[in-house]
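Undergrad: This is the structure I have questions about; it appears just below.
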Amino acid sequence: MFTENLIKKRIIITGANGMLGQRVVHYLSRSKNCEVLGISIEDTPVFGNVEYKKVDLTNREEIKRAVYNFYPDFIINTAAFTNVDLSETEREAAWKVNVKGVEYIAEASRAIDTHIIHISTDYVFDGKRGPYSEKSRTNPVGYYGRTKLASENVLKTGGVFYTIIRTNVLYGIADSRPDFVRWVITSLRAGNEIRIVTDQIN
């Protein structure tokens, strides 16, 4: 028997009720080497296979309590204000979740050397000179992209262990809301006109 099998990694998943969060919970819950805590803003989880706590990401004290009580090795931050259009009109709400929330996670994580895996976006680029690499110059054109770039900078300057993953359009099955593909199908079946980009490759 190897000793590493006796020590389980403790992992907090923020935004656990969201589309990506649900899939991460599902994947990690099958591992015998992980203890998982899902946290999200909703009263109850959409899953039942791991521990869950209602936590408001924009509340510094709630974040501190959740992190210090569970004492995770990793925090996978899938929580975000992801509505790109709404970010333009509800800027304060978008900033609170996407930037202040990450600040609070970083503060708590720094004290106990927790590694943060942060989900970001390709919206940190302007889309003019792709494909992009990690070294490409960022230039967000919308407020959503600016909040996500700011959240990356919080981690880069925050004295924490971190990994940043910049995703593109996410899709898949989730219990909380329709994904992009199902939105297109549902809209077309209903005879609704939809507007989408034609120059984006995923």
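So you can find residues: chains in the structure tokens are A, B, ... in the order shown, residues in each start at 1, and ligands are numbered from 1 in order.
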List the neighbours of A:Ser151 out to 10 Å using only C-alpha atoms; skip same-chain residues closer than 3 positions along the sequence, and give me the result as a short mmCIF file (atom, residue, chain, number, x, y, z; two decimals) with N, CA and C atoms, in the first residue's frame.

TA:
data_model
loop_
_atom_site.label_atom_id
_atom_site.label_comp_id
_atom_site.auth_asym_id
_atom_site.auth_seq_id
_atom_site.Cartn_x
_atom_site.Cartn_y
_atom_site.Cartn_z
N TRP A 95 -18.75 42.93 -11.40
CA TRP A 95 -17.47 43.18 -10.73
C TRP A 95 -17.41 42.48 -9.37
N VAL A 97 -18.88 39.75 -8.34
CA VAL A 97 -18.69 38.30 -8.46
C VAL A 97 -17.34 37.97 -9.08
N ASN A 98 -17.05 38.58 -10.21
CA ASN A 98 -15.88 38.18 -10.99
C ASN A 98 -14.56 38.69 -10.46
N VAL A 99 -14.57 39.79 -9.72
CA VAL A 99 -13.32 40.36 -9.22
C VAL A 99 -13.24 40.31 -7.70
N LYS A 100 -14.22 40.93 -7.03
CA LYS A 100 -14.18 40.93 -5.56
C LYS A 100 -14.26 39.51 -5.02
N GLY A 101 -15.08 38.67 -5.63
CA GLY A 101 -15.17 37.28 -5.18
C GLY A 101 -13.84 36.57 -5.26
N VAL A 102 -13.10 36.82 -6.33
CA VAL A 102 -11.78 36.21 -6.48
C VAL A 102 -10.80 36.79 -5.46
N GLU A 103 -10.93 38.08 -5.17
CA GLU A 103 -10.09 38.68 -4.12
C GLU A 103 -10.31 37.97 -2.79
N HIS A 118 -8.42 28.72 -11.43
CA HIS A 118 -9.38 29.77 -11.78
C HIS A 118 -9.81 29.65 -13.23
N ILE A 119 -11.12 29.59 -13.45
CA ILE A 119 -11.64 29.51 -14.81
C ILE A 119 -11.84 30.92 -15.35
N SER A 120 -11.12 31.23 -16.41
CA SER A 120 -11.24 32.54 -17.05
C SER A 120 -11.83 32.35 -18.45
N GLY A 145 -15.15 40.81 -20.25
CA GLY A 145 -13.74 40.47 -20.44
C GLY A 145 -12.83 41.25 -19.51
N ARG A 146 -13.18 42.51 -19.26
CA ARG A 146 -12.36 43.32 -18.35
C ARG A 146 -12.43 42.79 -16.92
N THR A 147 -13.61 42.33 -16.51
CA THR A 147 -13.70 41.78 -15.15
C THR A 147 -12.90 40.49 -15.03
N LYS A 148 -12.91 39.68 -16.06
CA LYS A 148 -12.18 38.42 -15.99
C LYS A 148 -10.67 38.66 -16.04
N VAL A 154 -5.70 39.76 -10.10
CA VAL A 154 -5.81 39.57 -8.65
C VAL A 154 -4.95 38.39 -8.22
N LEU A 155 -5.03 37.30 -8.97
CA LEU A 155 -4.26 36.11 -8.61
C LEU A 155 -2.77 36.30 -8.88
N LYS A 156 -2.45 36.94 -9.98
CA LYS A 156 -1.04 37.12 -10.34
C LYS A 156 -0.30 38.01 -9.36
N ILE A 164 -4.51 29.43 -14.12
CA ILE A 164 -5.59 30.10 -14.84
C ILE A 164 -5.89 29.31 -16.11
#

Undergrad: Using only C-alpha atoms, find the one residue out of A:Ile76, A:Val124, A:Val55, A:Val141 that sits nearest to A:Asn153.

TA: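 Using only C-alpha atoms, the shortest distance to A:Asn153 belongs to A:Val124.
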